[in-house]
file upload.cif (mmCIF, C-alpha atoms)
data_run
loop_
_atom_site.label_atom_id
_atom_site.label_comp_id
_atom_site.auth_asym_id
_atom_site.auth_seq_id
_atom_site.Cartn_x
_atom_site.Cartn_y
_atom_site.Cartn_z
CA MET A 1 -35.28 23.14 68.05
CA GLY A 2 -35.62 24.02 71.72
CA ILE A 3 -36.37 27.46 73.08
CA PHE A 4 -32.77 27.92 74.18
CA ASP A 5 -31.51 27.14 70.67
CA PHE A 6 -33.87 29.80 69.29
CA LEU A 7 -32.59 32.38 71.76
CA LYS A 8 -29.01 31.40 70.95
CA ASN A 9 -29.56 32.15 67.25
CA LYS A 10 -31.39 35.46 67.74
CA PRO A 11 -28.30 37.65 68.40
CA LYS A 12 -26.77 36.33 65.17
CA MET A 13 -29.74 37.71 63.21
CA THR A 14 -29.28 41.04 64.95
CA ASP A 15 -25.57 41.03 64.12
CA GLU A 16 -26.30 40.29 60.45
CA LYS A 17 -28.76 43.18 60.33
CA SER A 18 -26.18 45.45 61.95
CA ASP A 19 -23.51 44.36 59.45
CA ASN A 20 -25.84 45.04 56.53
CA GLN A 21 -26.66 48.47 57.94
CA ASN A 22 -22.96 49.27 58.36
CA LEU A 23 -22.29 48.19 54.77
CA THR A 24 -25.10 50.43 53.51
CA ASN A 25 -23.69 53.34 55.51
CA LYS A 26 -20.20 52.75 54.08
CA ILE A 27 -21.53 52.71 50.51
CA GLU A 28 -23.50 55.91 51.10
CA LEU A 29 -20.51 57.64 52.71
CA LYS A 30 -18.26 56.66 49.82
CA THR A 31 -20.82 57.88 47.29
CA HIS A 32 -21.17 61.26 49.00
CA LEU A 33 -17.41 61.67 49.43
CA ASP A 34 -16.87 60.75 45.77
CA SER A 35 -19.31 63.50 44.83
CA ILE A 36 -17.52 66.05 47.04
CA GLN A 37 -14.15 65.02 45.64
CA LYS A 38 -15.44 65.35 42.07
CA GLU A 39 -16.36 68.99 42.69
CA ILE A 40 -12.98 69.70 44.28
CA PHE A 41 -11.17 68.13 41.32
CA LEU A 42 -13.19 70.22 38.86
CA PHE A 43 -11.68 73.22 40.65
CA LEU A 44 -8.14 71.83 40.86
CA LYS A 45 -7.74 70.23 37.42
CA PRO A 46 -7.49 73.52 35.45
CA LEU A 47 -4.76 74.57 37.91
CA GLY A 48 -2.60 71.64 36.83
CA PHE A 49 -3.41 69.06 39.50
CA LYS A 50 -3.77 65.38 38.65
CA LYS A 51 -5.63 62.86 40.79
CA LYS A 52 -5.25 59.33 42.05
CA GLY A 53 -7.49 57.95 44.76
CA ARG A 54 -8.20 60.74 47.24
CA THR A 55 -4.98 62.63 46.51
CA PHE A 56 -4.11 65.45 44.09
CA ASN A 57 -0.58 66.36 42.90
CA ARG A 58 0.93 69.25 40.97
CA GLN A 59 4.63 69.58 40.07
CA THR A 60 5.65 73.23 40.29
CA GLU A 61 9.40 72.82 39.76
CA ASN A 62 11.46 69.79 38.79
CA GLY A 63 11.21 67.52 41.84
CA ILE A 64 8.85 69.81 43.80
CA TYR A 65 5.31 68.44 44.22
CA GLN A 66 2.33 70.10 45.86
CA VAL A 67 -0.01 67.59 47.52
CA ILE A 68 -3.66 67.91 48.52
CA ASN A 69 -5.19 64.89 50.24
CA ILE A 70 -8.73 64.10 51.38
CA GLN A 71 -8.45 62.03 54.56
CA SER A 72 -11.55 60.23 55.78
CA GLY A 73 -12.14 58.71 59.20
CA ARG A 74 -11.72 55.00 58.52
CA TYR A 75 -13.33 53.16 61.39
CA GLU A 76 -16.42 53.42 63.50
CA PHE A 77 -15.74 53.20 67.23
CA GLY A 78 -18.02 52.67 70.18
CA ASP A 79 -18.89 55.31 72.76
CA LYS A 80 -16.25 53.97 75.16
CA TYR A 81 -13.50 54.87 72.67
CA VAL A 82 -14.47 58.54 72.46
CA ILE A 83 -13.03 61.04 74.94
CA PRO A 84 -14.26 64.50 73.87
CA GLY A 85 -11.36 66.83 73.27
CA PHE A 86 -8.80 64.03 73.47
CA ARG A 87 -9.90 61.07 71.35
CA GLU A 88 -12.61 61.63 68.79
CA ASN A 89 -14.50 59.35 66.43
CA PHE A 90 -13.96 60.66 62.89
CA TYR A 91 -15.94 57.94 61.14
CA GLY A 92 -18.27 59.55 58.59
CA LYS A 93 -16.10 62.67 58.43
CA PHE A 94 -13.16 63.93 56.40
CA THR A 95 -10.48 66.60 56.47
CA VAL A 96 -8.01 68.04 53.95
CA ASN A 97 -4.23 67.73 54.25
CA LEU A 98 -1.70 69.85 52.37
CA GLY A 99 1.95 69.13 51.72
CA VAL A 100 5.03 69.82 49.64
CA MET A 101 7.39 67.02 48.64
CA VAL A 102 11.04 67.74 47.78
CA LYS A 103 12.41 64.88 45.70
CA GLU A 104 16.07 65.01 46.78
CA ILE A 105 15.08 64.86 50.45
CA TYR A 106 12.47 62.15 49.87
CA GLU A 107 15.00 59.97 48.04
CA LEU A 108 17.57 60.12 50.86
CA GLU A 109 15.84 57.06 52.31
CA SER A 110 16.62 54.07 50.09
CA HIS A 111 13.14 52.58 50.47
CA ASN A 112 11.50 55.71 49.03
CA LYS A 113 10.85 55.12 45.34
CA PRO A 114 9.38 57.43 42.66
CA LYS A 115 5.56 57.39 42.55
CA ASP A 116 2.84 58.41 40.14
CA ILE A 117 1.18 60.29 43.00
CA TYR A 118 2.87 61.38 46.23
CA GLN A 119 0.90 61.27 49.48
CA ASP A 120 0.90 63.83 52.28
CA TYR A 121 2.99 61.49 54.44
CA ASP A 122 5.73 61.67 51.77
CA CYS A 123 6.00 65.43 52.26
CA GLN A 124 8.61 67.31 54.26
CA ILE A 125 6.32 70.34 54.63
CA ARG A 126 2.81 69.60 55.87
CA GLU A 127 -0.28 71.43 57.04
CA ARG A 128 -4.01 70.86 57.43
CA LEU A 129 -6.39 73.17 55.58
CA PRO A 130 -8.61 74.04 58.59
CA HIS A 131 -5.50 75.07 60.56
CA LEU A 132 -5.07 77.80 57.95
CA THR A 133 -8.71 78.83 57.59
CA ILE A 134 -10.04 78.69 61.15
CA LYS A 135 -6.82 78.14 63.16
CA GLN A 136 -7.97 74.79 64.54
CA ASP A 137 -8.58 71.22 63.48
CA HIS A 138 -11.85 70.48 61.72
CA TRP A 139 -13.42 67.44 60.08
CA TRP A 140 -16.37 67.93 57.74
CA THR A 141 -19.34 65.60 58.19
CA ILE A 142 -20.06 63.55 55.08
CA SER A 143 -23.74 64.05 54.27
CA ASP A 144 -26.00 64.44 51.25
CA ASP A 145 -25.35 68.21 51.18
CA ASN A 146 -22.39 67.59 48.88
CA ASN A 147 -22.37 70.91 47.04
CA LYS A 148 -22.25 72.97 50.23
CA THR A 149 -19.44 70.87 51.70
CA ALA A 150 -17.41 70.93 48.48
CA LYS A 151 -17.85 74.71 48.27
CA GLU A 152 -16.49 75.16 51.80
CA VAL A 153 -13.38 73.16 50.90
CA ILE A 154 -12.90 74.97 47.59
CA ASP A 155 -13.34 78.35 49.28
CA GLY A 156 -10.72 77.36 51.86
CA LEU A 157 -8.29 76.29 49.16
CA SER A 158 -8.90 79.53 47.24
CA SER A 159 -8.51 81.82 50.24
CA HIS A 160 -5.70 80.06 52.12
CA GLY A 161 -4.63 76.62 50.92
CA LEU A 162 -3.21 77.42 47.50
CA ASP A 163 -1.41 80.51 48.81
CA TRP A 164 0.19 78.38 51.51
CA LEU A 165 1.32 75.82 48.94
CA ASP A 166 2.69 78.54 46.68
CA ASN A 167 4.95 79.74 49.50
CA PHE A 168 6.92 76.58 48.72
CA GLU A 169 6.44 76.24 44.96
CA ASN A 170 10.18 76.24 44.24
CA ARG A 171 13.45 75.73 46.09
CA ASP A 172 14.18 79.44 46.45
CA LYS A 173 10.86 79.99 48.22
CA ILE A 174 11.27 76.88 50.36
CA CYS A 175 14.70 77.98 51.58
CA ARG A 176 13.39 81.47 52.25
CA ASN A 177 10.06 80.60 53.90
CA LEU A 178 10.46 77.22 55.58
CA GLY A 179 11.99 78.61 58.75
CA ASN A 180 9.16 81.13 59.14
CA LEU A 181 6.35 78.60 59.54
CA GLU A 182 4.19 78.99 62.64
CA ASP A 183 4.76 75.90 64.80
CA GLY A 184 7.38 74.80 62.26
CA SER A 185 9.66 71.85 62.94
CA PRO A 186 13.25 72.49 64.08
CA ARG A 187 14.22 70.02 61.35
CA ALA A 188 13.25 72.66 58.77
CA LYS A 189 16.80 74.03 58.94
CA LEU A 190 18.16 70.60 58.07
CA ASP A 191 15.80 70.35 55.10
CA VAL A 192 17.04 73.73 53.85
CA ALA A 193 20.63 72.48 54.17
CA LEU A 194 19.75 69.37 52.14
CA ILE A 195 18.24 71.50 49.38
CA GLU A 196 21.23 73.84 49.33
CA LEU A 197 23.58 70.85 49.02
CA HIS A 198 22.51 70.53 45.38
CA ARG A 199 23.00 74.25 44.75
CA ASP A 200 25.79 75.61 46.95
CA LYS A 201 27.87 73.00 48.80
CA SER A 202 29.82 75.48 50.96
CA LYS A 203 26.58 77.09 52.12
CA ALA A 204 25.08 73.66 52.78
CA GLU A 205 28.10 72.66 54.89
CA LYS A 206 27.72 75.76 57.04
CA LEU A 207 23.97 75.15 57.50
CA PHE A 208 24.65 71.51 58.40
CA GLN A 209 27.29 72.53 60.93
CA ASP A 210 25.03 75.15 62.53
CA TYR A 211 22.18 72.66 62.76
CA TYR A 212 24.48 69.98 64.20
CA ASN A 213 25.93 72.37 66.80
CA ASN A 214 22.46 73.20 68.12
CA ILE A 215 21.50 69.59 68.84
CA GLU A 216 21.99 68.47 72.45
CA ILE A 217 25.00 66.20 72.86
CA LYS A 218 23.09 63.17 74.18
CA ASN A 219 20.31 63.48 71.61
CA ARG A 220 20.32 60.48 69.24
CA HIS A 221 19.30 62.81 66.42
CA LYS A 222 22.85 64.20 66.61
CA GLU A 223 24.18 60.77 65.64
CA TYR A 224 21.70 60.58 62.78
CA VAL A 225 22.77 63.98 61.41
CA LYS A 226 26.46 63.02 61.69
CA GLY A 227 25.80 59.79 59.81
CA LEU A 228 23.78 61.62 57.18
CA ALA A 229 26.58 64.14 56.67
CA ASP A 230 29.08 61.28 56.24
CA ARG A 231 26.86 59.67 53.61
CA LEU A 232 26.67 62.97 51.73
CA GLY A 233 30.39 63.63 51.89
CA LEU A 234 30.16 66.52 54.35
CA ILE A 235 32.63 66.95 57.21
CA LEU A 236 31.17 68.08 60.53
CA LYS A 237 33.29 69.30 63.43
CA ASP A 238 32.42 68.25 66.99
#
call {"tool": "encode", "arguments": {"input": "upload.cif", "output": "structure tokens"}}
result
Amino acid sequence: MGIFDFLKNKPKMTDEKSDNQNLTNKIELKTHLDSIQKEIFLFLKPLGFKKKGRTFNRQTENGIYQVINIQSGRYEFGDKYVIPGFRENFYGKFTVNLGVMVKEIYELESHNKPKDIYQDYDCQIRERLPHLTIKQDHWWTISDDNNKTAKEVIDGLSSHGLDWLDNFENRDKICRNLGNLEDGSPRAKLDVALIELHRDKSKAEKLFQDYYNNIEIKNRHKEYVKGLADRLGLILKD
């Protein structure tokens, strides 16, 4: 083997060492996050939540599911990827998502099938726990101080998260509170109309019509709402 062959092989050894180090880090991160999640579930289980993966569900009314999800930063990026304040590297960190899933709205899309556990992206009503507790986004660093981190999450759920979820624990509360959300989606009024369709069709038709009338004429969403109304047997006036 010549000297140039030796030098050619040296970076490969460095890469293998780096890969092994990354694998060790991933295993450690998973172990710590598992420990944090275990403590959170010990708090949530007596409240009626069940768990699958990193997600917890509780059904509070027939077809109404409360969702709590632990979202971890999946990938490690280089320094060139990170732009502080705009694009962050969340590898080695996690946050907590909250949501409420309404079955009759979820099932409007034919590809949406019943699940053992619903995810936060299945929900019509969504929030992030730190937005409630400190009014800004926050990702906890995964470290060996598992008890402290778990306690912060549990305290946040106790003081804010569960109360927020309970604002939407049944259809009456959803219809009453959904339009009052800070930074809420304009689509909330459509979701209320869809819920009312199963309870009071004449009221639902009026809500649909009001929502439809407030969409700009050239907005493609107007076509979607018209098509949705047709599918549901509702007549909208232009």
call {"tool": "closest_atom_pairs", "arguments": {"input": "upload.cif", "of": "stretch 114-184 of chain A", "to": "stretch 43-62 of chain A", "cutoff": "7 Å", "atoms": "only C-alpha atoms", "output": "tab-separated table"}}
result
residue	atom	partner	partner_atom	distance
A:Ile117	CA	A:Asn57	CA	6.3
A:Tyr118	CA	A:Asn57	CA	6.9
A:Gln119	CA	A:Thr55	CA	6.7
A:Glu169	CA	A:Thr60	CA	5.6
A:Asn170	CA	A:Glu61	CA	5.7
call {"tool": "residues_around", "arguments": {"input": "upload.cif", "residues": "A:Ile40", "least_positions_apart": "4", "cutoff": "9 Å", "atoms": "all atoms listed in the file", "output": "ChimeraX atom specification"}}
result
/A:35-36,44-45,150-151,153-154
call {"tool": "atom_distance", "arguments": {"input": "upload.cif", "atom1": "atom CA of A:Ser159", "atom2": "atom CA of A:Arg128"}}
result
13.9 Å
call {"tool": "atom_distance", "arguments": {"input": "upload.cif", "atom1": "atom CA of A:His198", "atom2": "atom CA of A:Arg220"}}
result
26.0 Å
call {"tool": "resolve_selection", "arguments": {"input": "upload.cif", "expression": "the PyMOL selection byres ((chain A and resi 33) around 9)", "output": "number ranges by chain"}}
result
A: 28-32, 34-38, 72, 94, 142-143, 146
call {"tool": "closest_residue", "arguments": {"input": "upload.cif", "among": "A:Glu39, A:Asp120, A:Tyr211, A:Ile217", "to": "A:Asn147", "atoms": "all atoms listed in the file"}}
result
A:Glu39
call {"tool": "closest_residue", "arguments": {"input": "upload.cif", "among": "A:Val225, A:Leu232, A:Val96, A:Leu190", "to": "A:Leu157", "atoms": "only C-alpha atoms"}}
result
A:Val96
call {"tool": "residues_near_point", "arguments": {"input": "upload.cif", "point": "(18.8, 56.9, 52.3)", "cutoff": "12 Å", "atoms": "all atoms listed in the file", "output": "VMD selection string"}}
result
chain A and resid 104 to 113 224 227 to 232
call {"tool": "closest_residue", "arguments": {"input": "upload.cif", "among": "A:Phe90, A:Cys123, A:Lys206, A:Gly99", "to": "A:Asp137", "atoms": "only C-alpha atoms"}}
result
A:Phe90
call {"tool": "closest_residue", "arguments": {"input": "upload.cif", "among": "A:Gln71, A:Thr149, A:Gln66, A:Gln209", "to": "A:Val100", "atoms": "only C-alpha atoms"}}
result
A:Gln66
call {"tool": "atom_distance", "arguments": {"input": "upload.cif", "atom1": "atom CA of A:Ile174", "atom2": "atom CA of A:Lys135"}}
result
22.2 Å
call {"tool": "closest_residue", "arguments": {"input": "upload.cif", "among": "A:Asp122, A:Asp116, A:Asp238, A:Trp139", "to": "A:Lys93", "atoms": "all atoms listed in the file"}}
result
A:Trp139
call {"tool": "closest_residue", "arguments": {"input": "upload.cif", "among": "A:Gly92, A:Gly233, A:Gly63, A:Gly179", "to": "A:Ile125", "atoms": "all atoms listed in the file"}}
result
A:Gly179
call {"tool": "residues_around", "arguments": {"input": "upload.cif", "residues": "A:Ser185", "least_positions_apart": "4", "cutoff": "12 Å", "atoms": "only C-alpha atoms", "output": "PyMOL selection string"}}
result
chain A and resi 124-127+178-181+189-192
call {"tool": "build_atoms", "arguments": {"input": "upload.cif", "residues": "stretch 115-135 of chain A", "atoms": "N, CA and C atoms", "output": "PDB file, in the frame of the given file"}}
result
ATOM      1  N   LYS A 115       6.976  57.775  42.596  1.00  0.00           N
ATOM      2  CA  LYS A 115       5.560  57.390  42.550  1.00  0.00           C
ATOM      3  C   LYS A 115       4.836  58.200  41.483  1.00  0.00           C
ATOM      4  N   ASP A 116       3.714  57.652  41.036  1.00  0.00           N
ATOM      5  CA  ASP A 116       2.840  58.410  40.140  1.00  0.00           C
ATOM      6  C   ASP A 116       2.191  59.566  40.889  1.00  0.00           C
ATOM      7  N   ILE A 117       1.812  59.286  42.138  1.00  0.00           N
ATOM      8  CA  ILE A 117       1.180  60.290  43.000  1.00  0.00           C
ATOM      9  C   ILE A 117       1.833  60.204  44.380  1.00  0.00           C
ATOM     10  N   TYR A 118       2.284  61.341  44.880  1.00  0.00           N
ATOM     11  CA  TYR A 118       2.870  61.380  46.230  1.00  0.00           C
ATOM     12  C   TYR A 118       1.781  61.711  47.246  1.00  0.00           C
ATOM     13  N   GLN A 119       1.880  61.086  48.417  1.00  0.00           N
ATOM     14  CA  GLN A 119       0.900  61.270  49.480  1.00  0.00           C
ATOM     15  C   GLN A 119       1.389  62.326  50.470  1.00  0.00           C
ATOM     16  N   ASP A 120       0.498  62.786  51.329  1.00  0.00           N
ATOM     17  CA  ASP A 120       0.900  63.830  52.280  1.00  0.00           C
ATOM     18  C   ASP A 120       1.971  63.330  53.242  1.00  0.00           C
ATOM     19  N   TYR A 121       1.970  62.021  53.528  1.00  0.00           N
ATOM     20  CA  TYR A 121       2.990  61.490  54.440  1.00  0.00           C
ATOM     21  C   TYR A 121       4.370  61.407  53.776  1.00  0.00           C
ATOM     22  N   ASP A 122       4.447  61.599  52.463  1.00  0.00           N
ATOM     23  CA  ASP A 122       5.730  61.670  51.770  1.00  0.00           C
ATOM     24  C   ASP A 122       6.356  63.061  51.850  1.00  0.00           C
ATOM     25  N   CYS A 123       5.589  64.020  52.316  1.00  0.00           N
ATOM     26  CA  CYS A 123       6.000  65.430  52.260  1.00  0.00           C
ATOM     27  C   CYS A 123       6.874  65.825  53.447  1.00  0.00           C
ATOM     28  N   GLN A 124       7.792  66.736  53.186  1.00  0.00           N
ATOM     29  CA  GLN A 124       8.610  67.310  54.260  1.00  0.00           C
ATOM     30  C   GLN A 124       7.924  68.508  54.899  1.00  0.00           C
ATOM     31  N   ILE A 125       7.047  69.161  54.151  1.00  0.00           N
ATOM     32  CA  ILE A 125       6.320  70.340  54.630  1.00  0.00           C
ATOM     33  C   ILE A 125       4.844  69.981  54.623  1.00  0.00           C
ATOM     34  N   ARG A 126       4.192  70.068  55.785  1.00  0.00           N
ATOM     35  CA  ARG A 126       2.810  69.600  55.870  1.00  0.00           C
ATOM     36  C   ARG A 126       1.957  70.568  56.685  1.00  0.00           C
ATOM     37  N   GLU A 127       0.680  70.602  56.322  1.00  0.00           N
ATOM     38  CA  GLU A 127      -0.280  71.430  57.040  1.00  0.00           C
ATOM     39  C   GLU A 127      -1.671  70.864  56.794  1.00  0.00           C
ATOM     40  N   ARG A 128      -2.614  71.266  57.612  1.00  0.00           N
ATOM     41  CA  ARG A 128      -4.010  70.860  57.430  1.00  0.00           C
ATOM     42  C   ARG A 128      -4.815  72.111  57.087  1.00  0.00           C
ATOM     43  N   LEU A 129      -5.655  72.004  56.076  1.00  0.00           N
ATOM     44  CA  LEU A 129      -6.390  73.170  55.580  1.00  0.00           C
ATOM     45  C   LEU A 129      -7.129  73.936  56.669  1.00  0.00           C
ATOM     46  N   PRO A 130      -7.896  73.269  57.556  1.00  0.00           N
ATOM     47  CA  PRO A 130      -8.610  74.040  58.590  1.00  0.00           C
ATOM     48  C   PRO A 130      -7.678  74.802  59.536  1.00  0.00           C
ATOM     49  N   HIS A 131      -6.449  74.329  59.718  1.00  0.00           N
ATOM     50  CA  HIS A 131      -5.500  75.070  60.560  1.00  0.00           C
ATOM     51  C   HIS A 131      -5.204  76.434  59.953  1.00  0.00           C
ATOM     52  N   LEU A 132      -5.303  76.527  58.630  1.00  0.00           N
ATOM     53  CA  LEU A 132      -5.070  77.800  57.950  1.00  0.00           C
ATOM     54  C   LEU A 132      -6.314  78.672  57.932  1.00  0.00           C
ATOM     55  N   THR A 133      -7.483  78.050  57.765  1.00  0.00           N
ATOM     56  CA  THR A 133      -8.710  78.830  57.590  1.00  0.00           C
ATOM     57  C   THR A 133      -9.346  79.258  58.905  1.00  0.00           C
ATOM     58  N   ILE A 134      -9.373  78.358  59.888  1.00  0.00           N
ATOM     59  CA  ILE A 134     -10.040  78.690  61.150  1.00  0.00           C
ATOM     60  C   ILE A 134      -9.127  78.504  62.369  1.00  0.00           C
ATOM     61  N   LYS A 135      -7.840  78.242  62.096  1.00  0.00           N
ATOM     62  CA  LYS A 135      -6.820  78.140  63.160  1.00  0.00           C
ATOM     63  C   LYS A 135      -7.073  77.000  64.139  1.00  0.00           C
TER      64      LYS A 135
END
